[in-house]
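J.: Pasting a structure below so you can have a look.
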Amino acid sequence: MSKDLNKEAIEPRLVEELDQTNLEKIITPVLQLPLTFDPIQRINDGFKHFKINEFNKHPEYFQKLAEKQKPKFLMFACSDSRVSPTNIFNLRPGEAFMARNIANMVPAFDKLKHAGVGAIIEYAILALEVEVIMVIGHSRCGGISRLISLPDEETSYDFIDRWVSIGEPAKAKVLAEHPNATGQELQTLVEKESVMNSLGNLLSYPYVRLGIANKKLKVLGGYYDFVCGKFQFLDVHHHIEQTTNIQE
Ligand SMILES: [Zn+2]
C-alpha cells in the first residue's frame with residue numbers, strides 16, 4: 001500500500017481549515033489548487049462521449065432504465081482503478097449493482113460492523129432480486145499484499161489493516177497448505193483463496209442462503225489477471241471452471 005496518504009503531506013494551514021463546518025469555503029479553493037490535470041475538463045469530456053455515443057443513441061434503453069433498475073448481477077470488485085467490472089466485462093448501465101472496496105472483500109454478517117456492505121447485499125437481494133453475486137479477485141492486489149504483510153510493527157493504518165484482516169482465514173489456509181510459497185506465488189494463492197473466503201462469508205447472510213436454497217440466486221468467484229489480460233472463474237480448489245482467454 002502507498003504511504004502517501006499521511007496528513008503531513010497536506011499544507012498544515014489547509015488541514016486546520018478542512019473541517020466539516022466550513023466545507024463551503026473549502027471546496028472551491030481546493031478546486032483551484034494546482035493539480036497534475038484538469039479534472040473538470042476530463043469529466044466533461046468523458047460525459048460528452050457517453051452522452052453522444054450511449055445515452056443519445058439508445059433513448060428507449062435509457063427511458064426504460066429511468067423507470068426501474070433490474071440488474072442481474074451484484075458484483076464485488078476491488079477499488080483498484082485497473083479492475084473496474086464495467087470496463088472489463090463491457091457492462092452497460094443497469095446491468096450490475098456494484099460493491100467495490102479494498103481487496104474485493106465480503107465481511108461476515110454482523111449488524112454492528114460493515115453496515116455499508118451489509119446494506120448493499122440486503123438491498124441487492126431483497127429489493128433488486130439479483131440472480132448472481134460475483135466476487136472478483138485480481139492480480140497484484142495492494143490490499144492482499146497488506147494482508148500478507150500483517151502483523152506489521154512499523155506501519156499502521158487507521159482503517160486498512162482491520163479491513164483486509166477479513167481475509168485472514170484465507171491467508172492462514174494458504175500458509176498451511178503451501179508452507180513453502182513465497183513472493184508472487186503466495187500473493188496469487190491468497191488473492192484467489194480470499195475470493196473463496198468472501199464467498200463463504202456471503203453464506204452468513206440469511207437472504208443469500210435463502211436465495212440459494214430457493215434456486216433464485218447463484219454465487220460465483222472469478223479472478224482477473226491484468227498482467228496477461230486473462231479472466232477465469234474459480235471453484236473452491238482454485239480449479240478453473242471456465243477460462244476466458246481471448247487473444248485478440
Ligand atoms: Zn485490489
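Each chain in the C-alpha cells gets a letter, A, B and so on, in the order shown; residues start at 1 in every chain, and ligands are counted from 1 in the order they appear.
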Fewer than 3 positions away in the same chain doesn't count, so skip those; otherwise give me all residues within 9 Å of Thr188 (chain A), counting only C-alpha atoms, as a list in words.
T.: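 Result of the neighbour search: His138, Ser139, Arg140, Cys141, Gly183, Gln184, Glu185, Glu191, Lys192 and Glu193 of chain A.
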J.: Among region 88-174 of chain A, which ones does DSSP assign to alpha helix (DSSP H) (computed from the backbone)? Answer as a PyMOL selection string.
T.: chain A and resi 88+115-126+142-149+160-164+168-174
J.: Emit the selected residues as an mmCIF file, in the first residue's frame, including N, CA and C atoms.
T.:
data_model
loop_
_atom_site.group_PDB
_atom_site.id
_atom_site.type_symbol
_atom_site.label_atom_id
_atom_site.label_comp_id
_atom_site.auth_asym_id
_atom_site.auth_seq_id
_atom_site.Cartn_x
_atom_site.Cartn_y
_atom_site.Cartn_z
ATOM 1 N N ILE A 88 -14.053 -4.195 -17.789
ATOM 2 C CA ILE A 88 -13.523 -5.484 -18.235
ATOM 3 C C ILE A 88 -14.609 -6.456 -18.709
ATOM 4 N N ALA A 115 -21.732 -1.935 7.988
ATOM 5 C CA ALA A 115 -23.127 -1.739 7.561
ATOM 6 C C ALA A 115 -23.209 -1.411 6.068
ATOM 7 N N GLY A 116 -22.177 -0.757 5.532
ATOM 8 C CA GLY A 116 -22.193 -0.389 4.113
ATOM 9 C C GLY A 116 -22.308 -1.614 3.227
ATOM 10 N N VAL A 117 -21.502 -2.621 3.500
ATOM 11 C CA VAL A 117 -21.539 -3.847 2.693
ATOM 12 C C VAL A 117 -22.836 -4.605 2.951
ATOM 13 N N GLY A 118 -23.226 -4.696 4.232
ATOM 14 C CA GLY A 118 -24.467 -5.403 4.570
ATOM 15 C C GLY A 118 -25.669 -4.791 3.865
ATOM 16 N N ALA A 119 -25.720 -3.463 3.821
ATOM 17 C CA ALA A 119 -26.853 -2.786 3.175
ATOM 18 C C ALA A 119 -26.884 -3.091 1.675
ATOM 19 N N ILE A 120 -25.716 -3.154 1.052
ATOM 20 C CA ILE A 120 -25.659 -3.459 -0.391
ATOM 21 C C ILE A 120 -26.201 -4.864 -0.658
ATOM 22 N N ILE A 121 -25.759 -5.835 0.149
ATOM 23 C CA ILE A 121 -26.208 -7.220 -0.058
ATOM 24 C C ILE A 121 -27.713 -7.329 0.189
ATOM 25 N N GLU A 122 -28.164 -6.725 1.285
ATOM 26 C CA GLU A 122 -29.593 -6.783 1.641
ATOM 27 C C GLU A 122 -30.447 -6.170 0.532
ATOM 28 N N TYR A 123 -30.032 -4.996 0.049
ATOM 29 C CA TYR A 123 -30.827 -4.308 -0.980
ATOM 30 C C TYR A 123 -30.794 -5.069 -2.311
ATOM 31 N N ALA A 124 -29.606 -5.559 -2.657
ATOM 32 C CA ALA A 124 -29.461 -6.251 -3.943
ATOM 33 C C ALA A 124 -30.355 -7.482 -4.014
ATOM 34 N N ILE A 125 -30.481 -8.176 -2.892
ATOM 35 C CA ILE A 125 -31.267 -9.416 -2.902
ATOM 36 C C ILE A 125 -32.750 -9.151 -2.652
ATOM 37 N N LEU A 126 -33.036 -8.372 -1.616
ATOM 38 C CA LEU A 126 -34.451 -8.199 -1.229
ATOM 39 C C LEU A 126 -35.193 -7.226 -2.142
ATOM 40 N N GLY A 142 -2.982 -4.647 -3.975
ATOM 41 C CA GLY A 142 -2.297 -3.991 -2.863
ATOM 42 C C GLY A 142 -2.890 -4.366 -1.513
ATOM 43 N N GLY A 143 -4.207 -4.556 -1.465
ATOM 44 C CA GLY A 143 -4.874 -4.926 -0.222
ATOM 45 C C GLY A 143 -4.440 -6.314 0.234
ATOM 46 N N ILE A 144 -4.305 -7.224 -0.721
ATOM 47 C CA ILE A 144 -3.862 -8.583 -0.379
ATOM 48 C C ILE A 144 -2.389 -8.564 0.039
ATOM 49 N N SER A 145 -1.579 -7.724 -0.604
ATOM 50 C CA SER A 145 -0.171 -7.576 -0.179
ATOM 51 C C SER A 145 -0.117 -7.152 1.282
ATOM 52 N N ARG A 146 -0.978 -6.195 1.624
ATOM 53 C CA ARG A 146 -1.002 -5.696 3.001
ATOM 54 C C ARG A 146 -1.415 -6.809 3.966
ATOM 55 N N LEU A 147 -2.443 -7.581 3.582
ATOM 56 C CA LEU A 147 -2.891 -8.708 4.403
ATOM 57 C C LEU A 147 -1.732 -9.678 4.651
ATOM 58 N N ILE A 148 -0.974 -9.971 3.601
ATOM 59 C CA ILE A 148 0.148 -10.905 3.729
ATOM 60 C C ILE A 148 1.220 -10.332 4.667
ATOM 61 N N SER A 149 1.408 -9.017 4.630
ATOM 62 C CA SER A 149 2.482 -8.397 5.427
ATOM 63 C C SER A 149 2.131 -8.263 6.916
ATOM 64 N N ILE A 160 -7.247 0.431 7.031
ATOM 65 C CA ILE A 160 -6.896 -0.616 6.051
ATOM 66 C C ILE A 160 -6.594 -1.967 6.694
ATOM 67 N N ASP A 161 -5.795 -1.963 7.751
ATOM 68 C CA ASP A 161 -5.382 -3.250 8.326
ATOM 69 C C ASP A 161 -6.572 -4.049 8.874
ATOM 70 N N ARG A 162 -7.476 -3.322 9.529
ATOM 71 C CA ARG A 162 -8.652 -4.005 10.089
ATOM 72 C C ARG A 162 -9.532 -4.552 8.967
ATOM 73 N N TRP A 163 -9.631 -3.742 7.896
ATOM 74 C CA TRP A 163 -10.467 -4.169 6.770
ATOM 75 C C TRP A 163 -9.889 -5.414 6.089
ATOM 76 N N VAL A 164 -8.592 -5.380 5.722
ATOM 77 C CA VAL A 164 -8.037 -6.522 4.986
ATOM 78 C C VAL A 164 -7.933 -7.772 5.866
ATOM 79 N N GLU A 168 -8.008 -12.887 6.697
ATOM 80 C CA GLU A 168 -7.058 -13.700 7.486
ATOM 81 C C GLU A 168 -7.277 -15.210 7.341
ATOM 82 N N PRO A 169 -8.535 -15.703 7.376
ATOM 83 C CA PRO A 169 -8.713 -17.160 7.226
ATOM 84 C C PRO A 169 -8.156 -17.679 5.893
ATOM 85 N N ALA A 170 -8.257 -16.862 4.844
ATOM 86 C CA ALA A 170 -7.724 -17.270 3.533
ATOM 87 C C ALA A 170 -6.208 -17.359 3.589
ATOM 88 N N LYS A 171 -5.595 -16.355 4.203
ATOM 89 C CA LYS A 171 -4.137 -16.348 4.332
ATOM 90 C C LYS A 171 -3.669 -17.559 5.141
ATOM 91 N N ALA A 172 -4.351 -17.828 6.267
ATOM 92 C CA ALA A 172 -3.967 -18.952 7.124
ATOM 93 C C ALA A 172 -4.082 -20.271 6.369
ATOM 94 N N LYS A 173 -5.124 -20.415 5.565
ATOM 95 C CA LYS A 173 -5.331 -21.663 4.802
ATOM 96 C C LYS A 173 -4.209 -21.858 3.779
ATOM 97 N N VAL A 174 -3.876 -20.770 3.083
ATOM 98 C CA VAL A 174 -2.811 -20.860 2.075
ATOM 99 C C VAL A 174 -1.475 -21.205 2.734
#
J.: Which residue is closest to ligand 1? Choose from A:Asp225, A:Asp235, A:Glu153, A:Glu60 and count only C-alpha atoms and all ligand atoms.
T.: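 Of A:Asp225, A:Asp235, A:Glu153, A:Glu60, the one nearest ligand 1, counting only C-alpha atoms and all ligand atoms, is A:Asp225.
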J.: Can you pull out every residue from region 84-205 of chain A that DSSP, working from the backbone, puts in strand (DSSP E), and format the result as a ChimeraX atom specification?
T.: /A:96-101,132-138
J.: Write a file of the just-selected residues containing C-alpha atoms, as an mmCIF file, in the first residue's frame.
T.:
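And here is the file that came out, selection_12.cif:
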data_model
loop_
_atom_site.group_PDB
_atom_site.id
_atom_site.type_symbol
_atom_site.label_atom_id
_atom_site.label_comp_id
_atom_site.auth_asym_id
_atom_site.auth_seq_id
_atom_site.Cartn_x
_atom_site.Cartn_y
_atom_site.Cartn_z
ATOM 1 C CA ALA A 96 -24.714 -4.776 -12.378
ATOM 2 C CA PHE A 97 -25.133 -3.457 -8.850
ATOM 3 C CA MET A 98 -21.616 -2.691 -7.616
ATOM 4 C CA ALA A 99 -19.756 -3.073 -4.348
ATOM 5 C CA ARG A 100 -16.136 -2.018 -4.589
ATOM 6 C CA ASN A 101 -13.734 -1.948 -1.702
ATOM 7 C CA VAL A 132 -25.954 -13.750 -9.380
ATOM 8 C CA ILE A 133 -23.463 -12.485 -6.799
ATOM 9 C CA MET A 134 -19.954 -12.465 -8.135
ATOM 10 C CA VAL A 135 -16.731 -11.792 -6.201
ATOM 11 C CA ILE A 136 -13.833 -10.847 -8.461
ATOM 12 C CA GLY A 137 -10.235 -11.015 -7.268
ATOM 13 C CA HIS A 138 -7.305 -9.686 -9.221
#
J.: At what distance in Å, to one decimal, does CA of Val106 (chain A) lie from CA of Ser198 (chain A)?
T.: 4.8 Å
J.: Quick one: of A:Lys216, A:Lys57, A:Lys68, A:Arg82, who's nearest to ligand 1, counting only C-alpha atoms and all ligand atoms?
T.: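 When distances to ligand 1 are compared using only C-alpha atoms and all ligand atoms, the smallest one comes from A:Arg82.
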J.: So, counting only C-alpha atoms and all ligand atoms, which residue among A:Leu150, A:Ala213, A:Met105, A:Val227 is closest to ligand 1?
T.: A:Met105
